[in-house]
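Data file: target.pdb. Format and content: PDB, C-alpha atoms.
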```pdb
ATOM      1  CA  MET Q  24      13.820 -51.559 -53.727
ATOM      2  CA  ALA Q  25      11.868 -49.738 -50.959
ATOM      3  CA  ARG Q  26      13.564 -51.895 -48.329
ATOM      4  CA  GLY Q  27      16.953 -50.996 -49.746
ATOM      5  CA  VAL Q  28      16.106 -47.289 -49.560
ATOM      6  CA  ILE Q  29      14.878 -47.588 -45.943
ATOM      7  CA  ARG Q  30      17.999 -49.560 -44.985
ATOM      8  CA  GLY Q  31      20.151 -46.928 -46.698
ATOM      9  CA  ILE Q  32      18.452 -44.131 -44.723
ATOM     10  CA  LYS Q  33      18.860 -46.090 -41.457
ATOM     11  CA  ASN Q  34      22.534 -46.718 -42.105
ATOM     12  CA  ASN Q  35      23.194 -43.093 -43.046
ATOM     13  CA  GLY Q  36      20.652 -41.471 -40.737
ATOM     14  CA  ARG Q  37      22.975 -38.768 -39.596
ATOM     15  CA  ALA Q  38      23.881 -37.809 -43.150
ATOM     16  CA  PHE Q  39      20.211 -37.749 -44.099
ATOM     17  CA  VAL Q  40      19.346 -35.456 -41.180
ATOM     18  CA  MET Q  41      22.286 -33.239 -42.101
ATOM     19  CA  PHE Q  42      21.024 -33.150 -45.654
ATOM     20  CA  LEU Q  43      17.542 -32.058 -44.496
ATOM     21  CA  LEU Q  44      19.041 -29.413 -42.236
ATOM     22  CA  GLY Q  45      21.137 -28.233 -45.161
ATOM     23  CA  VAL Q  46      18.042 -27.968 -47.314
ATOM     24  CA  CYS Q  47      16.308 -25.928 -44.599
ATOM     25  CA  THR Q  48      19.338 -23.687 -44.149
ATOM     26  CA  GLY Q  49      19.683 -23.160 -47.895
ATOM     27  CA  ALA Q  50      15.980 -22.398 -48.235
ATOM     28  CA  ALA Q  51      16.240 -19.935 -45.345
ATOM     29  CA  PHE Q  52      19.186 -18.157 -47.008
ATOM     30  CA  PHE Q  53      17.346 -18.111 -50.308
ATOM     31  CA  LEU Q  54      14.339 -16.571 -48.586
ATOM     32  CA  ILE Q  55      16.399 -13.939 -46.783
ATOM     33  CA  LEU Q  56      18.198 -12.998 -49.997
ATOM     34  CA  HIS Q  57      15.301 -13.072 -52.443
ATOM     35  CA  ALA Q  58      12.061 -12.650 -50.457
ATOM     36  CA  GLN Q  59      11.790  -8.968 -51.307
ATOM     37  CA  LYS Q  60      12.123  -9.660 -55.037
ATOM     38  CA  LEU Q  61       9.624 -12.488 -54.720
ATOM     39  CA  ASP Q  62       7.123 -10.179 -53.050
ATOM     40  CA  GLY Q  63       7.555  -7.654 -55.859
ATOM     41  CA  LEU Q  64       7.015 -10.347 -58.480
ATOM     42  CA  TYR Q  65       3.927 -11.644 -56.690
ATOM     43  CA  ARG Q  66       2.551  -8.104 -56.531
ATOM     44  CA  GLU Q  67       3.254  -7.606 -60.222
ATOM     45  CA  ARG Q  68       1.552 -10.903 -61.013
ATOM     46  CA  ASP Q  69      -1.535  -9.892 -59.004
ATOM     47  CA  ALA Q  70      -1.660  -6.570 -60.852
ATOM     48  CA  ILE Q  71      -1.450  -8.444 -64.166
ATOM     49  CA  TYR Q  72      -4.208 -10.833 -63.050
ATOM     50  CA  TYR Q  73      -6.371  -7.847 -62.113
ATOM     51  CA  ALA Q  74      -5.721  -6.077 -65.412
ATOM     52  CA  ASN Q  75      -6.431  -9.301 -67.273
ATOM     53  CA  ASN Q  76      -9.672  -9.730 -65.393
ATOM     54  CA  GLN Q  77     -10.727  -6.167 -66.212
ATOM     55  CA  LYS Q  78      -9.895  -6.714 -69.888
ATOM     56  CA  TYR Q  79     -11.867  -9.952 -69.896
ATOM     57  CA  LYS Q  80     -14.883  -8.157 -68.405
ATOM     58  CA  GLU Q  81     -14.524  -5.413 -71.028
ATOM     59  CA  ILE Q  82     -14.357  -8.000 -73.814
ATOM     60  CA  MET Q  83     -17.471  -9.751 -72.499
ATOM     61  CA  LYS Q  84     -19.326  -6.429 -72.311
ATOM     62  CA  LEU Q  85     -18.316  -5.514 -75.854
ATOM     63  CA  LYS Q  86     -19.353  -8.966 -77.077
ATOM     64  CA  GLU Q  87     -22.767  -8.503 -75.491
ATOM     65  CA  GLU Q  88     -23.091  -5.075 -77.083
ATOM     66  CA  LEU Q  89     -22.062  -6.523 -80.441
ATOM     67  CA  ALA Q  90     -24.631  -9.316 -80.164
ATOM     68  CA  GLU Q  91     -27.318  -6.803 -79.261
ATOM     69  CA  LEU Q  92     -26.404  -4.567 -82.192
ATOM     70  CA  ALA Q  93     -26.376  -7.576 -84.513
ATOM     71  CA  ARG Q  94     -29.839  -8.524 -83.239
ATOM     72  CA  LYS Q  95     -31.110  -4.992 -83.828
ATOM     73  CA  GLY Q  96     -29.522  -4.949 -87.277
ATOM     74  CA  ALA Q  97     -31.212  -8.221 -88.222
ATOM     75  CA  TYR Q  98     -34.522  -6.880 -86.969
ATOM     76  CA  GLN Q  99     -34.132  -3.745 -89.047
ATOM     77  CA  LYS Q 100     -33.191  -5.803 -92.094
ATOM     78  CA  ASN Q 101     -36.200  -8.056 -91.686
ATOM     79  CA  TYR Q 102     -38.871  -5.564 -90.797
ATOM     80  CA  GLU Q 103     -37.814  -2.088 -91.823
ATOM     81  CA  GLU Q 104     -36.274  -2.536 -95.134
ATOM     82  CA  THR Q 105     -39.342  -1.886 -97.256
ATOM     83  CA  ILE Q 106     -42.335   0.396 -96.975
ATOM     84  CA  LYS Q 107     -45.396  -1.569 -95.923
ATOM     85  CA  LYS Q 108     -47.824   1.187 -95.093
ATOM     86  CA  ILE Q 109     -48.347   4.777 -96.162
ATOM     87  CA  GLU Q 110     -50.187   7.256 -93.975
ATOM     88  CA  VAL Q 111     -51.207  10.687 -95.200
ATOM     89  CA  GLU Q 112     -51.761  13.740 -93.035
ATOM     90  CA  ILE Q 113     -53.297  16.889 -94.408
ATOM     91  CA  ASP Q 114     -51.659  20.077 -93.238
ATOM     92  CA  SER Q 115     -53.754  23.066 -94.122
ATOM     93  CA  GLU Q 116     -54.432  26.412 -92.465
ATOM     94  CA  GLU Q 117     -58.017  26.576 -93.730
ATOM     95  CA  PRO Q 118     -60.466  23.717 -93.370
ATOM     96  CA  ILE Q 119     -60.599  21.578 -96.463
ATOM     97  CA  GLY Q 120     -63.927  19.969 -97.201
ATOM     98  CA  PRO Q 121     -63.287  16.532 -98.657
ATOM     99  CA  GLU Q 122     -60.256  15.691 -96.498
ATOM    100  CA  SER Q 123     -60.798  11.963 -96.462
ATOM    101  CA  ASP Q 124     -61.218  11.945-100.263
ATOM    102  CA  ILE Q 125     -57.916  13.776-100.700
ATOM    103  CA  LYS Q 126     -56.223  11.341 -98.300
ATOM    104  CA  SER Q 127     -57.458   8.331-100.208
ATOM    105  CA  LYS Q 128     -56.432   9.948-103.530
ATOM    106  CA  VAL Q 129     -52.940  10.646-102.215
ATOM    107  CA  GLU Q 130     -52.658   7.099-100.857
ATOM    108  CA  GLU Q 131     -53.696   5.861-104.298
ATOM    109  CA  MET Q 132     -51.012   8.005-105.910
ATOM    110  CA  MET Q 133     -48.408   6.751-103.463
ATOM    111  CA  LYS Q 134     -49.182   3.080-104.011
ATOM    112  CA  PRO Q 135     -46.168   2.492-106.289
ATOM    113  CA  PHE Q 136     -43.940   3.241-103.282
ATOM    114  CA  ILE Q 137     -45.238   0.270-101.305
ATOM    115  CA  GLU Q 138     -42.688  -2.550-101.041
ATOM    116  CA  LYS Q 139     -39.995  -0.150-102.202
ATOM    117  CA  PRO Q 140     -36.831  -0.017-100.065
ATOM    118  CA  MET Q 141     -36.919   2.697 -97.457
ATOM    119  CA  ASP Q 142     -33.356   3.668 -98.182
ATOM    120  CA  TRP Q 143     -34.252   4.442-101.733
ATOM    121  CA  VAL Q 144     -37.061   6.807-100.676
ATOM    122  CA  ILE Q 145     -34.827   8.419 -98.072
ATOM    123  CA  LYS Q 146     -32.191   9.083-100.692
ATOM    124  CA  ASN Q 147     -34.711  10.312-103.283
ATOM    125  CA  PRO Q 148     -37.413  12.311-101.477
ATOM    126  CA  ASP Q 149     -37.910  14.420-104.637
ATOM    127  CA  MET Q 150     -39.588  11.374-106.205
ATOM    128  CA  VAL Q 151     -42.418  11.682-103.701
ATOM    129  CA  ALA Q 152     -42.686  15.425-104.401
ATOM    130  CA  LEU Q 153     -42.734  14.724-108.131
ATOM    131  CA  VAL Q 154     -45.550  12.199-107.841
ATOM    132  CA  LEU Q 155     -47.639  14.545-105.712
ATOM    133  CA  LYS Q 156     -46.979  17.553-107.923
ATOM    134  CA  GLN Q 157     -49.969  16.982-110.205
ATOM    135  CA  PRO Q 158     -53.269  18.460-109.014
ATOM    136  CA  VAL Q 159     -55.871  16.211-107.488
ATOM    137  CA  ALA Q 160     -59.390  16.398-108.789
ATOM    138  CA  ILE Q 161     -62.075  15.234-106.409
ATOM    139  CA  ASP Q 162     -64.886  16.010-108.809
ATOM    140  CA  GLN Q 163     -65.343  18.236-111.855
ATOM    141  CA  GLU Q 164     -65.500  21.438-109.799
ATOM    142  CA  GLN Q 165     -62.913  20.935-107.053
ATOM    143  CA  LYS Q 166     -59.236  20.650-107.783
ATOM    144  CA  PHE Q 167     -56.443  20.720-105.235
ATOM    145  CA  GLN Q 168     -52.775  21.444-105.569
ATOM    146  CA  LEU Q 169     -50.582  19.339-103.261
ATOM    147  CA  SER Q 170     -47.133  19.976-101.927
ATOM    148  CA  VAL Q 171     -45.132  17.724 -99.654
ATOM    149  CA  LYS Q 172     -44.268  19.274 -96.327
ATOM    150  CA  TYR Q 173     -42.649  16.475 -94.347
ATOM    151  CA  LEU Q 174     -41.819  12.818 -94.721
ATOM    152  CA  SER Q 175     -41.292  10.558 -91.751
ATOM    153  CA  PHE Q 176     -40.179   6.954 -91.594
ATOM    154  CA  PHE Q 177     -41.068   4.818 -88.634
ATOM    155  CA  HIS Q 178     -40.448   1.067 -88.794
ATOM    156  CA  SER Q 179     -42.142   0.165 -92.084
ATOM    157  CA  THR Q 180     -44.529   3.095 -92.230
ATOM    158  CA  LEU Q 181     -44.059   6.124 -94.415
ATOM    159  CA  ARG Q 182     -46.017   9.101 -93.175
ATOM    160  CA  ILE Q 183     -46.477  12.104 -95.438
ATOM    161  CA  TRP Q 184     -47.606  15.564 -94.421
ATOM    162  CA  VAL Q 185     -49.175  17.287 -97.384
ATOM    163  CA  GLN Q 186     -50.144  20.927 -97.787
ATOM    164  CA  VAL Q 187     -53.340  21.318 -99.744
ATOM    165  CA  GLU Q 188     -54.445  24.361-101.653
ATOM    166  CA  GLU Q 189     -57.654  24.610-103.607
ATOM    167  CA  ILE Q 190     -57.288  25.657-107.232
ATOM    168  CA  SER Q 191     -59.960  28.044-108.293
ATOM    169  CA  ASP Q 192     -61.072  28.378-111.935
ATOM    170  CA  GLU Q 193     -62.924  31.637-111.281
ATOM    171  CA  GLY Q 194     -61.901  34.468-113.572
ATOM    172  CA  VAL Q 195     -60.221  32.129-116.013
ATOM    173  CA  SER Q 196     -61.759  32.095-119.429
ATOM    174  CA  ASP Q 197     -61.311  29.297-121.873
ATOM    175  CA  SER Q 198     -61.527  31.569-124.972
ATOM    176  CA  PRO Q 199     -58.492  33.662-125.896
ATOM    177  CA  LYS Q 200     -59.001  37.401-125.974
TER     178      LYS Q 200
ATOM    179  CA  MET T  26      22.884 -20.720  -7.873
ATOM    180  CA  GLN T  27      23.765 -17.420  -9.513
ATOM    181  CA  HIS T  28      25.306 -19.283 -12.460
ATOM    182  CA  GLU T  29      22.097 -21.214 -12.909
ATOM    183  CA  PHE T  30      20.082 -17.993 -12.852
ATOM    184  CA  TRP T  31      22.125 -16.391 -15.615
ATOM    185  CA  ALA T  32      22.136 -19.616 -17.647
ATOM    186  CA  THR T  33      18.326 -19.814 -17.479
ATOM    187  CA  THR T  34      17.984 -16.134 -18.319
ATOM    188  CA  ILE T  35      20.212 -16.432 -21.408
ATOM    189  CA  LEU T  36      18.525 -19.701 -22.399
ATOM    190  CA  ASP T  37      15.059 -18.130 -22.194
ATOM    191  CA  PHE T  38      16.228 -15.154 -24.226
ATOM    192  CA  LEU T  39      17.742 -17.328 -26.962
ATOM    193  CA  ILE T  40      14.851 -19.810 -27.041
ATOM    194  CA  ALA T  41      12.327 -17.008 -27.517
ATOM    195  CA  LEU T  42      14.560 -15.412 -30.183
ATOM    196  CA  GLY T  43      14.969 -18.793 -31.940
ATOM    197  CA  VAL T  44      11.264 -19.542 -31.889
ATOM    198  CA  VAL T  45      10.491 -16.193 -33.517
ATOM    199  CA  LEU T  46      13.309 -16.301 -36.087
ATOM    200  CA  GLY T  47      12.892 -20.000 -36.935
ATOM    201  CA  GLY T  48       9.125 -19.766 -37.068
ATOM    202  CA  VAL T  49       9.252 -16.691 -39.265
ATOM    203  CA  ILE T  50      11.792 -18.141 -41.718
ATOM    204  CA  LEU T  51      10.105 -21.544 -42.022
ATOM    205  CA  GLY T  52       6.699 -19.855 -42.181
ATOM    206  CA  GLY T  53       8.037 -17.670 -44.993
ATOM    207  CA  LEU T  54       9.170 -20.804 -46.831
ATOM    208  CA  GLY T  55       5.698 -22.258 -46.317
ATOM    209  CA  ALA T  56       4.174 -19.106 -47.733
ATOM    210  CA  PHE T  57       6.483 -19.307 -50.759
ATOM    211  CA  ILE T  58       5.484 -22.942 -51.343
ATOM    212  CA  THR T  59       1.768 -22.164 -50.963
ATOM    213  CA  ASP T  60       1.922 -19.240 -53.416
ATOM    214  CA  GLU T  61       1.585 -16.379 -50.937
ATOM    215  CA  TYR T  62       3.603 -13.222 -50.333
ATOM    216  CA  PRO T  63       6.616 -14.467 -48.252
ATOM    217  CA  MET T  64       7.589 -11.100 -46.767
ATOM    218  CA  HIS T  65       4.051 -10.183 -45.819
ATOM    219  CA  ARG T  66       3.514 -13.570 -44.200
ATOM    220  CA  MET T  67       6.823 -13.300 -42.319
ATOM    221  CA  LEU T  68       5.897  -9.908 -40.915
ATOM    222  CA  HIS T  69       2.524 -11.216 -39.849
ATOM    223  CA  LEU T  70       4.080 -14.308 -38.251
ATOM    224  CA  ALA T  71       6.658 -12.248 -36.354
ATOM    225  CA  ASP T  72       3.858 -10.457 -34.494
ATOM    226  CA  LYS T  73       1.793 -13.593 -34.067
ATOM    227  CA  LEU T  74       4.609 -15.796 -32.756
ATOM    228  CA  LYS T  75       5.869 -13.333 -30.163
ATOM    229  CA  ILE T  76       3.576 -14.462 -27.349
ATOM    230  CA  TRP T  77       4.071 -18.157 -28.168
ATOM    231  CA  ALA T  78       7.836 -17.698 -28.190
ATOM    232  CA  MET T  79       7.623 -16.356 -24.634
ATOM    233  CA  VAL T  80       5.419 -19.238 -23.557
ATOM    234  CA  ALA T  81       7.766 -21.793 -25.132
ATOM    235  CA  ALA T  82      10.833 -20.174 -23.535
ATOM    236  CA  ILE T  83       9.525 -20.188 -19.973
ATOM    237  CA  GLY T  84       8.196 -23.732 -20.355
ATOM    238  CA  GLY T  85       4.458 -23.204 -20.234
ATOM    239  CA  THR T  86       2.393 -20.586 -18.504
ATOM    240  CA  PHE T  87       0.869 -22.898 -15.926
ATOM    241  CA  ASP T  88       4.225 -23.948 -14.390
ATOM    242  CA  THR T  89       5.344 -20.347 -14.068
ATOM    243  CA  ILE T  90       2.108 -19.281 -12.422
ATOM    244  CA  LYS T  91       2.335 -22.237 -10.083
ATOM    245  CA  ALA T  92       5.942 -21.278  -9.196
ATOM    246  CA  PHE T  93       4.782 -17.702  -8.577
ATOM    247  CA  GLU T  94       2.085 -18.920  -6.212
ATOM    248  CA  VAL T  95       4.428 -21.256  -4.303
ATOM    249  CA  ASN T  96       7.180 -18.658  -3.984
ATOM    250  CA  ILE T  97       4.947 -15.769  -2.953
ATOM    251  CA  LEU T  98       2.902 -17.801  -0.469
ATOM    252  CA  GLY T  99       6.124 -19.399   0.868
ATOM    253  CA  GLY T 100       7.619 -15.982   1.488
ATOM    254  CA  GLN T 101      10.452 -16.481  -1.025
ATOM    255  CA  LEU T 102      10.053 -13.222  -2.854
ATOM    256  CA  ASP T 103      13.527 -13.368  -4.380
ATOM    257  CA  LEU T 104      12.550 -16.553  -6.269
ATOM    258  CA  ALA T 105       9.326 -14.932  -7.443
ATOM    259  CA  PHE T 106      11.433 -11.994  -8.678
ATOM    260  CA  GLN T 107      13.687 -14.484 -10.481
ATOM    261  CA  GLN T 108      10.643 -15.889 -12.318
ATOM    262  CA  LEU T 109       9.741 -12.351 -13.309
ATOM    263  CA  ILE T 110      13.249 -11.854 -14.678
ATOM    264  CA  PHE T 111      12.928 -15.075 -16.730
ATOM    265  CA  ILE T 112       9.640 -13.865 -18.185
ATOM    266  CA  MET T 113      11.197 -10.493 -18.987
ATOM    267  CA  SER T 114      14.179 -12.209 -20.592
ATOM    268  CA  ALA T 115      11.880 -14.348 -22.769
ATOM    269  CA  PHE T 116       9.890 -11.252 -23.685
ATOM    270  CA  ILE T 117      13.039  -9.358 -24.654
ATOM    271  CA  GLY T 118      14.199 -12.331 -26.750
ATOM    272  CA  ALA T 119      10.860 -12.581 -28.573
ATOM    273  CA  HIS T 120      10.729  -8.816 -29.100
ATOM    274  CA  THR T 121      14.312  -8.784 -30.408
ATOM    275  CA  GLY T 122      13.327 -11.462 -32.910
ATOM    276  CA  THR T 123      10.325  -9.431 -34.063
ATOM    277  CA  VAL T 124      12.407  -6.277 -34.348
ATOM    278  CA  LEU T 125      15.089  -8.127 -36.340
ATOM    279  CA  VAL T 126      12.476  -9.518 -38.736
ATOM    280  CA  ARG T 127      10.885  -6.104 -39.154
ATOM    281  CA  TRP T 128      14.301  -4.590 -39.794
ATOM    282  CA  MET T 129      15.094  -7.279 -42.357
ATOM    283  CA  ILE T 130      11.790  -6.764 -44.202
ATOM    284  CA  GLN T 131      11.012  -3.086 -43.881
ATOM    285  CA  GLY T 132      14.486  -1.750 -43.198
ATOM    286  CA  VAL T 133      13.129   0.146 -40.169
ATOM    287  CA  ILE T 134      13.483  -0.928 -36.543
TER     288      ILE T 134
END
```

Represent the structure of the file as structure tokens.
Amino acid sequence: MARGVIRGIKNNGRAFVMFLLGVCTGAAFFLILHAQKLDGLYRERDAIYYANNQKYKEIMKLKEELAELARKGAYQKNYEETIKKIEVEIDSEEPIGPESDIKSKVEEMMKPFIEKPMDWVIKNPDMVALVLKQPVAIDQEQKFQLSVKYLSFFHSTLRIWVQVEEISDEGVSDSPK
Amino acid sequence: MQHEFWATTILDFLIALGVVLGGVILGGLGAFITDEYPMHRMLHLADKLKIWAMVAAIGGTFDTIKAFEVNILGGQLDLAFQQLIFIMSAFIGAHTGTVLVRWMIQGVI
């Protein structure tokens, strides 16, 4: 087969050379006629490659952002969903004597809120106010009226700022006049 | 003698022109095959091939320099001038080729 082809080329060498020259001439004409269009198409293709590359980079960046947000979301779901700790701060213009006692009383009163979803407390802050509405008695003589000033949520900690006012029984008689 | 001079001059001109045009067109085809910008490559080749077209047309720089030396030292200044004319002819041929290619690609001479 190969020998036949080689013999055929040898016998028709001139025709073969003419054929090659024809191919070259045709290619040259093609180039002269269409090179400008080809250049334009190549340029367009490069622009498309560039745009595609930019889009790919953008997609990768957005994917990374999405993964990071998903990670943060999972973290929040795992660790910040419920109240684990309650901290009480007393906010009073005058010095209050048994501050630590009041704090522990308030923490005691707020115990039902532990392990409650944070969202629920955020949506119903009046529940906290309602619980702390009743006066706190440290002993028989001292009673304090509480009012919630601020609530803050940080990770799984609920911090409450409470205004304290001493209730005085002076001048109040038990017997009706 | 004079006939030979003109024949060589025309031959040098056309060889230099052919080297530039042929090189540029086949180089452009090569660029097309290898996925490059054909026009850009052709323009680049036209400038690059100019000097080699001159060298090819006058048959190698060394021979020409040797002929210069022999003619000038031998007192045959007219022959040395002839060599200069051949070089000029080759240069004009190569430059014409470059200008034609530039005109074809950019539309400006």

Spatial neighbours of range 54-61 of chain T, max dist 12 Å, all atoms listed in the file, sep filter under 5 positions, as an MDAnalysis selection string
(chainID Q and resid 46:55 57:66 68:69) or (chainID T and resid 47:49 66:70)

Would you work out the distance separating CA of Leu174 in chain Q from CA of Leu92 in chain Q, expressed in Å to one decimal?
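Taking CA of Leu174 in chain Q and CA of Leu92 in chain Q, their separation equals 26.4 Å.
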
Report the residues retrieved by the PyMOL selection byres ((chain T) within 7 of (chain Q)) from the displayed file, expressed as a ChimeraX atom specification.
/T:50,54,62-64

Once the PyMOL selection byres ((chain T and resi 33) around 10) has been applied to the shown file, what residues remain in the selection, as a list in words?
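Taken over the shown coordinates, the PyMOL selection byres ((chain T and resi 33) around 10) returns Gln27, His28, Glu29, Phe30, Trp31, Ala32, Thr34, Ile35, Leu36, Asp37, Phe38, Leu39, Ala82, Ile83, Gln107, Ile110, Phe111, Ser114 and Ala115 of chain T.
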
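Residues matched by the PyMOL selection byres ((chain Q and resi 116) around 10) in this file are Q:Ile113, Q:Asp114, Q:Ser115, Q:Glu117, Q:Pro118, Q:Ile119, Q:Gln186, Q:Val187, Q:Glu188.
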
Tell me which of T:Ala78, T:Phe93, T:Gly118, T:Ala41 sits closest to Phe106 in chain T, counting only C-alpha atoms.
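Closest residue, counting only C-alpha atoms: T:Phe93.
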
How far is it from CA of Arg127 in chain T to CA of Gly52 in chain T, in Å with one decimal?
14.7 Å

Taking all atoms of range 61-64 of chain T that the file lists and extending 6 Å past them on each side, where is the centre of the axis-aligned box and how long are its edges? Answer in Å to one decimal, as lines of an AutoDock Vina configuration file.
```
center_x = 4.6
center_y = -13.7
center_z = -48.9
size_x = 18.0
size_y = 17.3
size_z = 16.2
```

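CA of Ser179 in chain Q to CA of Trp143 in chain Q spans 13.2 Å [interatomic distance, one decimal].
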
Applying 9 Å and only C-alpha atoms, which residues near Ala92 in chain T remain after dropping the ones on its own chain fewer than 4 positions away? List them as a list in words.
Phe87, Asp88, Asn96, Ile97, Leu104, Ala105 and Gln108 of chain T
